[in-house]
Amino acid sequence: MTVGGNSLTDTAEHPLQTLDRVVIRFAGDSGDGMQLTGDRFTSVSALFGNDLSTLPDYPAEIRAPAGTLAGVSAFQVSIADHDILTPGDAPNVLVAMNPAALKANLKDLLSGGTILVNVDAFDERNLVKAGYEANPLTDDSLAGYTVYEVPMTSLTLEAAKPTGAKPRDAERSKNFFALGLVSWMYTRPVEDTLQWIAARFAKTPTVAESNALAFKAGYNFGETAELFDSAYEVKPTHFDPGTYTNISGNTAIAWGLVAAGQLANLPVFLGSYPITPASDILHELSKHKNFGVRTMQAEDEIAGVGAALGAAFGGHLGVTTTSGPGVVLKSETIGLAVSMELPLVIIDIQRGGPSTGLPTKTEQADLLLAVYGRHGESPLPVVAAKTPSDCFFAAIEAVRIAVKYRTPVILLSDGYLANGTEPWRLPAVEDLPEISAPFTTEPNGTDAAGNPVYLPFLRDPETLARPWAVPGTPGLEHRIGGLEKSDPTGNISYDPANHEHMVRTRAAKVAGIAKDIPPVEVDDQEGAELLVLGWGSTYGSIGAAVAAARAGGRKVAQAHLTHLSPFPANLGEVLSRYRRVIVPEMNLGQLSRMVRAEFLVDARAVSKVQGQPFKASEIQAAIDEALESLQSEARA
Amino acid sequence: MTVGGNSLTDTAEHPLQTLDRVVIRFAGDSGDGMQLTGDRFTSVSALFGNDLSTLPDYPAEIRAPAGTLAGVSAFQVSIADHDILTPGDAPNVLVAMNPAALKANLKDLLSGGTILVNVDAFDERNLVKAGYEANPLTDDSLAGYTVYEVPMTSLTLEAAKPTGAKPRDAERSKNFFALGLVSWMYTRPVEDTLQWIAARFAKTPTVAESNALAFKAGYNFGETAELFDSAYEVKPTHFDPGTYTNISGNTAIAWGLVAAGQLANLPVFLGSYPITPASDILHELSKHKNFGVRTMQAEDEIAGVGAALGAAFGGHLGVTTTSGPGVVLKSETIGLAVSMELPLVIIDIQRGGPSTGLPTKTEQADLLLAVYGRHGESPLPVVAAKTPSDCFFAAIEAVRIAVKYRTPVILLSDGYLANGTEPWRLPAVEDLPEISAPFTTEPNGTDAAGNPVYLPFLRDPETLARPWAVPGTPGLEHRIGGLEKSDPTGNISYDPANHEHMVRTRAAKVAGIAKDIPPVEVDDQEGAELLVLGWGSTYGSIGAAVAAARAGGRKVAQAHLTHLSPFPANLGEVLSRYRRVIVPEMNLGQLSRMVRAEFLVDARAVSKVQGQPFKASEIQAAIDEALESLQSEARA
Amino acid sequence: MTDVAPPTTKKDWSSDQEVRWCPGCGDYSILTAVQMLMPELNVRRENTVFVSGIGCSSRFPYYMNTYGMHSIHGRAPAIATGLAVARPDLDVWVITGDGDGLSIGGNHLIHALRRNVNLTILLFNNQIYGLTKGQYSPTSEVGKVTKSTPFGSVDWPFNPLSLALGAEATFVARTHDLDRKHMMETFRRAHEHKGAAFVEIFQNCNVFNDGAFEQITAKDNRSHMLIPLEHGRPIRFGPDGEKGVALDGQGRAAIVNVADVGEDALVVHDEKRPEPGLAFMLTRLSHGPYEPTPIGVFRAVERPTYGDQIQRQLLDAQSRSGPGDLAKLLSSGSTWEV
Amino acid sequence: MTDVAPPTTKKDWSSDQEVRWCPGCGDYSILTAVQMLMPELNVRRENTVFVSGIGCSSRFPYYMNTYGMHSIHGRAPAIATGLAVARPDLDVWVITGDGDGLSIGGNHLIHALRRNVNLTILLFNNQIYGLTKGQYSPTSEVGKVTKSTPFGSVDWPFNPLSLALGAEATFVARTHDLDRKHMMETFRRAHEHKGAAFVEIFQNCNVFNDGAFEQITAKDNRSHMLIPLEHGRPIRFGPDGEKGVALDGQGRAAIVNVADVGEDALVVHDEKRPEPGLAFMLTRLSHGPYEPTPIGVFRAVERPTYGDQIQRQLLDAQSRSGPGDLAKLLSSGSTWEV
Ligand SMILES: Cc1ncc(C[n+]2csc(CCOP(=O)(O)OP(=O)(O)O)c2C)c(N)n1
Ligand SMILES: Cc1ncc(C[n+]2csc(CCOP(=O)(O)OP(=O)(O)O)c2C)c(N)n1
Ligand code: SF4
Ligand code: SF4
Ligand SMILES: [Mg+2]
Ligand SMILES: [Mg+2]
């Protein structure tokens, strides 16, 4: 049997077990290339036709000290033969490249799960660094698991010998050894990975070669070592026919913005300042200059949003991307956009807070900031994405509202969506929503003397949107600013009644968007008295939990909000249909607070603030608890 | 009869009518000195023993074009022989120095009220500038009022002749003519004003002389002209015995901070950036360097709060003052203070928003910003002042909470409190609350090896406050920052469970302050089903409205919040006692929203967003409406 | 925009809004100078935008009958950068004050300068915060007694031109509000400059800082106290040109009597010198508006503008990859068919 | 603090926290230089505070066994200003990066410099954003290809020292991460300076911008490419001092062969020159780390510090009006008795 052809997948000598789903976590040092390994495994699985979901998890340091807990970087991927919503609560398989990786991740592993360790790394020094007093491989502490000790480092060095690479360099290929081994275990096709290695490392042929050799060695090790009882297969999912790609939330947002620019026929202008986990949107958009996309890495967040606002005044689709610490810095400028009523899209990829917090971890604690975080009465629409691929549509929706209503819009995503991936069936371009962004080019009023004039605050009676006349348009010269404006001239006005009128009109404009967004849909169940209401990235976990609860005979309804401000018009009615509403959120209860204030409904938060997405089981437990409390209330 | 002695007050030739209250508004061009005139009238009335309340109102421009509506500056003062709470809904008397002043203010005047106009200013040019098509003095449009046309300019010029001043200069004394005239009308003592003129203009004797002459001329004009039927007197109020001063909210805050520094035995450090209407706190504090108060005019708001936080780390009482646009800029640094748990006081003198809004006008629309306006879960206490003199105590309370709990605290005031004044009985220094701010000077824990160490996040079990060890203390060297901290070492931690623990602990610390603040007091009335709940500067208007409603036979209870986060522990219980709760606020319903979310009580906002405080009558109308709706519900 | 704009007059450039500065404020004469200059520039009103921050000076855009934005405090250079990059066809002017531009907005200003964004930046320096009623500013002299510094300020001031040169500015100039001709000429040069043109204008705030520049700008003092810079000419001043500026071999600049040293010893002004060293030295000649102070164009060199280069990258990308094709973008990752 | 601090060793200044930079990062050698210098400075750990912003470099305070604050991005100079003004008894160091200090924090930096706040500011210039994984920074060279500039950056970079001098800095110096002795000497001078001392450190980021300074700082290149500045000495460099810096009468600085012009024609370095013109010219000698580049102390002049003057005003006020008396303050307005 030769390595390198698809014949490798024919593992005649080992029995092949079929699984419907498996959750694998690759864990190692920051420098061990675990993100790359996980990404690669994901890609072949996607090509293979599995449904999948991923969860990268890495430290805030670029490369924290080797061997320490702080330096552990992990990538979890779940592959399945059916539609899945989350990267899985607990891994079935943990690949641990060193003791620290084992220690940091063991607690999450399914009991009875499988551990593949790089036994070469379990030396005294690394054990101490990881804080182990005894070697876990020998002290029986792993008794509840199936442990495979694989000398990954030495086998990699051995495999790479033909390349002549120095051991220090060759050793770096050991993640490909691990990838090869896991690829064998789950009967992944290998050709694609070998091609990918060749292309990716084309500039450093020695590295390419040693990675390929390590990969093959890992694969063959699985095949030939007597260690493993069997290999597994996870059959392809039934997908609707179409072209699929595996997409992360940040890429989806970037592409959504490019698409929105095309749909609205507006050039995209991104003013941004790098910040984790939002920077990748800047990186991605920077590549697409042929779409007329201008990206500017500004001196800070204030300048980023300022430049976007300046571009919006000039008739561009002004966008700024950031995370929490950047949102607060941008708030003053966002308030100016509220006051001037110019379209602007602010994208907040939420991360753990407060302050610098947990910059590489996920959280949903900027919702109230988005809705209320500006001085004065400065309402604006807020939209949230729920899955990585939904980020594409959420970005288009944010743009649609911004340009139609001439208002800043905040789009919320989070670190989990940003870096997580899922297979996405590419939409047909002609099916994407239309976005109308007409510029005003003619005077829209007359002055006292009957001369035609431009009234920048003469609104569309339907949308309450003001006209958008851009510099370069003769005859419509006008000035706008942050002082209160007289309706409809836009001249400065300190008139008390005008101020109240303008404050209420701006609020009415935003509230009126409720008429223009879809009603919230309920995934209802006959007889359900409990509604699980969610927003943002909890979608997957809630869905999985609800499915599991129903499978367990519980009656539960589920609804998920894309629009947080204004709420869909039917939300109050929906909430009133249930005896109990729970709101799982990665915060201390922000949507629940908004819903309580708005509808006087006793919505109860189910909070998790750990920098990690909910496990479906956690939400399931909350569902059970809510149902029990309803029952005991009924009994009482 | 001679001018210049108290004998002037003996106005034997005119009947003297006694009033219990009068509301006077001085209005003129920005350059006409109306604020000074109003201030002066206020001072003599305070000295005379009236209760009083004032409302300055001026344009955002330093000196808007003379004669135009935009340039009108006004000062309203109410004086009474009894305890009053507001500067009055509608003036009884309007002093209008030019047509624009008349036009801008007439609509507020009580119908049948008195108008004193400077008839000299009613020439064609000024009428056109003010936008009058016909002269209101001659076209009968003022028929419903008592109008006195006084040639103030020419009489002033005449009076000032002996000084030899050029007419252009002498004319500037005409506000003193007006002051003299009104002083006569309301039998104010004159000696004090003459002394004040001499002192204030000591450096420019000619100006002093012409002001004094104009003042006397005005006084004498009232005395001798046949125009006026009578003079009026407003008897002194019954005040509790003590020493009184007339104080504005901004001065009271500045003094409160000085006092708090003394009480806590901490040097005050103010880092600030000028902004209307907060700048005067910076100005006032800058004078008191002998108290060890350091003030720094920073390069911007971010630097202002940053410097204050740096000083707090160094063991000073760090304070920053600003208004809405500054608060949003400071939010990131406030979040850092939340995370590092250092004491810091942020003072927001709210003004009309959004954006630059109405910078010289009042508003209460930063409440939700104060409570929710930071990324991540970053709770902090919020305190609001209710009257100008209460600003003193509110500042002390904000400091008390900040240093006791090692937390940033936001203190809310607004433009109305900032510039408004009221008589204040000086507290005895020994009656002021104690503030304890002990620095930790010894290690508070031991490390694994048993060596004494400092654990910066080892909390007081009661308050949950962490220790405060300042640089210069040997042996307690430690590092803090904005990344999540391990409990209790303060070292960086990405541990999921620790993060949730810290997020919840910070929230519990702030929530726990509810135990340490007074319960909200209710001014109840037997049988009242309606509660009027307020916060901040609406106190006076609500009080006046409730008193009036009761006088009209209505049953109403009133409660006013000083603590907005956390709420007083008994608030939920208090709200549950009433069938209806209304919340008058100068915003679109911010406190009502918080109360609804917290207590699921159908609290209804009574909103006014006009850059002007509520009139008592407006709130009274809302009370009537609420009571009627209760009745009709009862009938239904 | 190479076409010829229709002729206009000052009135065409004046908006219908009432000017609301204090009577006597230096801002009026600057407004007049700009409104009088515009008809001479062969530009169109609709292609002209004034962007300002907050301050008395920042009310300026309301008075220009062009497109305009009165933004927020300190942020005008950032906002204008976005506009200028998005719309290279526009003429974008930035109006700012010493507080707006050098205090809260200092960072945006220096970054706009280093990037060489195509902006004409007029900084109204009255050495005071006017709009907030008289606090000291980052250009106020040490010891200044103001509302916020009752015992005198203790901060050393910026020299706006030194700062601009330290920030890699390509065009740096100074003028004052009492000389309309000089203002117009300086603004014209700034407008002609491709890239970020920075002009400091000494402006009198007669309410809060009256006479700040009187010692050098008053009619009678000018010839003694202002050192006009002219490209290619030895730097001379004084009623009869009897004074000049010379450098020694150790790089010390000094004011000299021409009679003592001879004209050949004088520095010949060279605004086009690639290195800003000389221009910087000239900004250091005077330590405040009470010593002989250079005015005019200190530096005017060419460097590609930020916007042009961004534009060039767009065009390059389009000629390389063709105009964007959305369907192609969506399938640009690794895809598979089901 | 004139007392003698007890003797310490490098170890005393090292905290128990694991250093978490990438292996090979230039930050390590800077940390070592500081930790080795501290015992020589006669200062106490408890009186020493390191304040930083955000960035790889800004993790520095965690590794010093002193008081420290790892604050937020760009704000360290502002926070440190408050601390230094409040507590003049402390030794306050600021640690910042080229992004932290010159991009988002540029304004606070230039204001701290002009105010001459008593701070020792170390700017780790690696010409890249390290912590956010490799975007270009305001000191990156034009054309730099990074994650955010796949077609090359188009912004002209700052020269940090020119900017500092334009911002009225009283102490300006440069060193690099490969020369511990030079670092220690430069940091010592900076620490000695009363007021704001600004030090740029060329620092290698071996992950995202490896070798950025190699052309001038690699052992073999130093003698050709680094121009050491020594006060009072003619500026010479080269393996045998065969090169030097000279100025012409028009203020043009140039690198010359000493043999051609004679030593007397060289500029004699004068860090104490009140005017920053010469120092500024020296910062312009090199346009990037691939030309002969001066290192050492460019400028070191005395000017009252911001904190000292604020302190003086407090003391003056106290000696004038006596210590504050609260009851007196409350009755300082016009009062009346009832
Ligand atoms: C964020 C913010 N901070 C502060 C202010 C208050 N403010 C308005 S203008 C100004 C300074 C104006 O000074 P300058 O820029 O010199 O303009 P001038 O009025 O002197 O023309 C300040 C502090 C504001 N409007 N916004
Ligand atoms: C307000 C805010 N914006 C952005 C970031 C993200 N961020 C962290 S460090 C950094 C730049 C770091 O570059 P530099 O200062 O050069 O430090 P280095 O990592 O290179 O040492 C950025 C953009 C942040 N933490 N906070
Ligand atoms: S305050 Fe000064 S700068 Fe402002 S308008 Fe008046 S005179 Fe001009
Ligand atoms: S990313 Fe660069 S600067 Fe940051 S620690 Fe690694 S090598 Fe150092
Ligand atoms: Mg100014
Ligand atoms: Mg860097």
# chains A, B, ... in the order shown; residues from 1 in each chain; ligands from 1
>>> residues_around(residues="region 146-158 of chain C", least_positions_apart="2", cutoff="8 Å", atoms="only C-alpha atoms", output="PyMOL selection string")
(chain B and resi 282-283+286-287+297) or (chain C and resi 134-136+138-144+160+162-163) or (chain D and resi 114-116+167-168+306+309-310+313)
>>> write_last_selection(atoms="N, CA and C atoms", output="PDB file, in the first residue's frame")
ATOM      1  N   LEU B 282     -13.956  72.878  37.252  1.00  0.00           N
ATOM      2  CA  LEU B 282     -12.502  72.994  37.077  1.00  0.00           C
ATOM      3  C   LEU B 282     -12.027  74.370  37.532  1.00  0.00           C
ATOM      4  N   HIS B 283     -12.737  75.398  37.092  1.00  0.00           N
ATOM      5  CA  HIS B 283     -12.324  76.757  37.463  1.00  0.00           C
ATOM      6  C   HIS B 283     -12.316  76.929  38.984  1.00  0.00           C
ATOM      7  N   SER B 286      -9.607  74.949  40.772  1.00  0.00           N
ATOM      8  CA  SER B 286      -8.262  75.482  40.509  1.00  0.00           C
ATOM      9  C   SER B 286      -7.862  76.555  41.516  1.00  0.00           C
ATOM     10  N   LYS B 287      -8.857  77.125  42.154  1.00  0.00           N
ATOM     11  CA  LYS B 287      -8.546  78.203  43.106  1.00  0.00           C
ATOM     12  C   LYS B 287      -8.064  77.675  44.444  1.00  0.00           C
ATOM     13  N   GLN B 297      -5.574  70.733  33.555  1.00  0.00           N
ATOM     14  CA  GLN B 297      -6.339  70.841  32.317  1.00  0.00           C
ATOM     15  C   GLN B 297      -5.615  69.962  31.314  1.00  0.00           C
TER      16      GLN B 297
ATOM     17  N   GLY C 134     -12.648  80.984  27.642  1.00  0.00           N
ATOM     18  CA  GLY C 134     -11.386  81.490  28.135  1.00  0.00           C
ATOM     19  C   GLY C 134     -10.565  80.631  29.054  1.00  0.00           C
ATOM     20  N   GLN C 135     -10.301  79.380  28.669  1.00  0.00           N
ATOM     21  CA  GLN C 135      -9.236  78.639  29.350  1.00  0.00           C
ATOM     22  C   GLN C 135      -7.977  78.718  28.479  1.00  0.00           C
ATOM     23  N   TYR C 136      -6.830  78.442  29.068  1.00  0.00           N
ATOM     24  CA  TYR C 136      -5.603  78.485  28.273  1.00  0.00           C
ATOM     25  C   TYR C 136      -5.576  77.309  27.305  1.00  0.00           C
ATOM     26  N   PRO C 138      -3.016  74.881  24.328  1.00  0.00           N
ATOM     27  CA  PRO C 138      -1.640  74.369  24.208  1.00  0.00           C
ATOM     28  C   PRO C 138      -0.691  75.342  23.521  1.00  0.00           C
ATOM     29  N   THR C 139      -1.205  76.473  23.044  1.00  0.00           N
ATOM     30  CA  THR C 139      -0.279  77.479  22.505  1.00  0.00           C
ATOM     31  C   THR C 139      -0.175  78.698  23.423  1.00  0.00           C
ATOM     32  N   SER C 140      -0.876  78.685  24.535  1.00  0.00           N
ATOM     33  CA  SER C 140      -0.785  79.828  25.459  1.00  0.00           C
ATOM     34  C   SER C 140       0.603  79.886  26.082  1.00  0.00           C
ATOM     35  N   GLU C 141       1.059  81.090  26.341  1.00  0.00           N
ATOM     36  CA  GLU C 141       2.378  81.274  26.934  1.00  0.00           C
ATOM     37  C   GLU C 141       2.387  80.788  28.387  1.00  0.00           C
ATOM     38  N   VAL C 142       3.539  80.345  28.850  1.00  0.00           N
ATOM     39  CA  VAL C 142       3.687  79.915  30.249  1.00  0.00           C
ATOM     40  C   VAL C 142       3.306  81.076  31.172  1.00  0.00           C
ATOM     41  N   GLY C 143       2.612  80.766  32.225  1.00  0.00           N
ATOM     42  CA  GLY C 143       2.243  81.793  33.199  1.00  0.00           C
ATOM     43  C   GLY C 143       0.911  82.442  32.917  1.00  0.00           C
ATOM     44  N   LYS C 144       0.234  81.998  31.876  1.00  0.00           N
ATOM     45  CA  LYS C 144      -1.013  82.657  31.498  1.00  0.00           C
ATOM     46  C   LYS C 144      -2.085  82.444  32.572  1.00  0.00           C
ATOM     47  N   PRO C 160       3.153  75.437  16.813  1.00  0.00           N
ATOM     48  CA  PRO C 160       2.414  74.587  15.868  1.00  0.00           C
ATOM     49  C   PRO C 160       3.231  74.226  14.626  1.00  0.00           C
ATOM     50  N   SER C 162       6.594  73.953  14.379  1.00  0.00           N
ATOM     51  CA  SER C 162       7.612  72.953  14.720  1.00  0.00           C
ATOM     52  C   SER C 162       6.967  71.577  14.805  1.00  0.00           C
ATOM     53  N   LEU C 163       5.806  71.547  15.429  1.00  0.00           N
ATOM     54  CA  LEU C 163       5.125  70.258  15.580  1.00  0.00           C
ATOM     55  C   LEU C 163       4.780  69.686  14.214  1.00  0.00           C
TER      56      LEU C 163
ATOM     57  N   ARG D 114       5.724  68.009  25.768  1.00  0.00           N
ATOM     58  CA  ARG D 114       5.738  69.475  25.836  1.00  0.00           C
ATOM     59  C   ARG D 114       5.612  69.949  27.281  1.00  0.00           C
ATOM     60  N   ARG D 115       4.844  69.231  28.079  1.00  0.00           N
ATOM     61  CA  ARG D 115       4.679  69.631  29.478  1.00  0.00           C
ATOM     62  C   ARG D 115       5.914  69.333  30.313  1.00  0.00           C
ATOM     63  N   ASN D 116       6.771  68.486  29.756  1.00  0.00           N
ATOM     64  CA  ASN D 116       7.968  68.093  30.492  1.00  0.00           C
ATOM     65  C   ASN D 116       7.600  67.430  31.828  1.00  0.00           C
ATOM     66  N   ALA D 167       7.707  68.348  19.328  1.00  0.00           N
ATOM     67  CA  ALA D 167       6.779  68.457  20.458  1.00  0.00           C
ATOM     68  C   ALA D 167       7.470  69.006  21.700  1.00  0.00           C
ATOM     69  N   GLU D 168       8.617  69.653  21.513  1.00  0.00           N
ATOM     70  CA  GLU D 168       9.279  70.400  22.590  1.00  0.00           C
ATOM     71  C   GLU D 168       9.920  69.510  23.643  1.00  0.00           C
ATOM     72  N   TYR D 306       6.693  69.844  34.812  1.00  0.00           N
ATOM     73  CA  TYR D 306       5.275  70.133  35.024  1.00  0.00           C
ATOM     74  C   TYR D 306       4.894  69.884  36.484  1.00  0.00           C
ATOM     75  N   GLN D 309       6.268  72.385  39.038  1.00  0.00           N
ATOM     76  CA  GLN D 309       5.608  73.687  39.035  1.00  0.00           C
ATOM     77  C   GLN D 309       4.235  73.605  39.687  1.00  0.00           C
ATOM     78  N   ILE D 310       3.545  72.499  39.456  1.00  0.00           N
ATOM     79  CA  ILE D 310       2.249  72.341  40.120  1.00  0.00           C
ATOM     80  C   ILE D 310       2.458  72.270  41.634  1.00  0.00           C
ATOM     81  N   GLN D 313       3.064  75.663  42.982  1.00  0.00           N
ATOM     82  CA  GLN D 313       1.844  76.461  43.133  1.00  0.00           C
ATOM     83  C   GLN D 313       1.072  76.053  44.388  1.00  0.00           C
TER      84      GLN D 313
END
>>> closest_atom_pairs(of="chain C", to="chain A", cutoff="6 Å", atoms="only C-alpha atoms", output="tab-separated table")
residue	atom	partner	partner_atom	distance
C:Glu46	CA	A:Gly472	CA	4.7
C:Asn47	CA	A:Gly472	CA	4.7
C:Thr66	CA	A:Glu477	CA	5.0
C:Tyr67	CA	A:Glu477	CA	4.7
C:Gly68	CA	A:Arg479	CA	4.4
C:Met69	CA	A:Ile480	CA	5.1
C:His70	CA	A:Gly481	CA	4.4
C:Ser71	CA	A:Gly481	CA	5.3
C:Ala78	CA	A:Ala303	CA	5.0
C:Ile79	CA	A:Ala307	CA	4.4
C:Ala80	CA	A:Gly310	CA	5.8
C:Thr81	CA	A:Ala307	CA	5.8
C:Gly82	CA	A:Ala307	CA	3.6
C:Leu83	CA	A:Ala311	CA	4.4
C:Ala86	CA	A:Ala311	CA	5.4
C:Leu314	CA	A:Lys289	CA	5.0
C:Ala317	CA	A:Asn290	CA	4.8
C:Gln318	CA	A:Asn290	CA	4.3
C:Pro323	CA	A:Asn290	CA	5.2
C:Gly324	CA	A:Phe291	CA	4.2
C:Thr335	CA	A:Thr245	CA	4.4
C:Trp336	CA	A:Tyr244	CA	5.2
C:Glu337	CA	A:Thr243	CA	4.5
C:Val338	CA	A:Pro241	CA	4.7
>>> residues_near_ligand(ligand="ligand 6", cutoff="7 Å", atoms="only C-alpha atoms and all ligand atoms", output="ChimeraX atom specification")
/D:97-99,124-130,137
>>> select_by_dssp(residues="region 251-328 of chain A", states="alpha helix (DSSP H)", output="count of residues only")
40
>>> closest_residue(among="D:Cys205, D:Ile295, D:Ala218, D:Leu102", to="chain C", atoms="only C-alpha atoms")
D:Leu102
>>> closest_residue(among="A:Asn135, A:Ser389, A:Thr146, A:Asn105", to="chain B", atoms="only C-alpha atoms")
A:Asn105
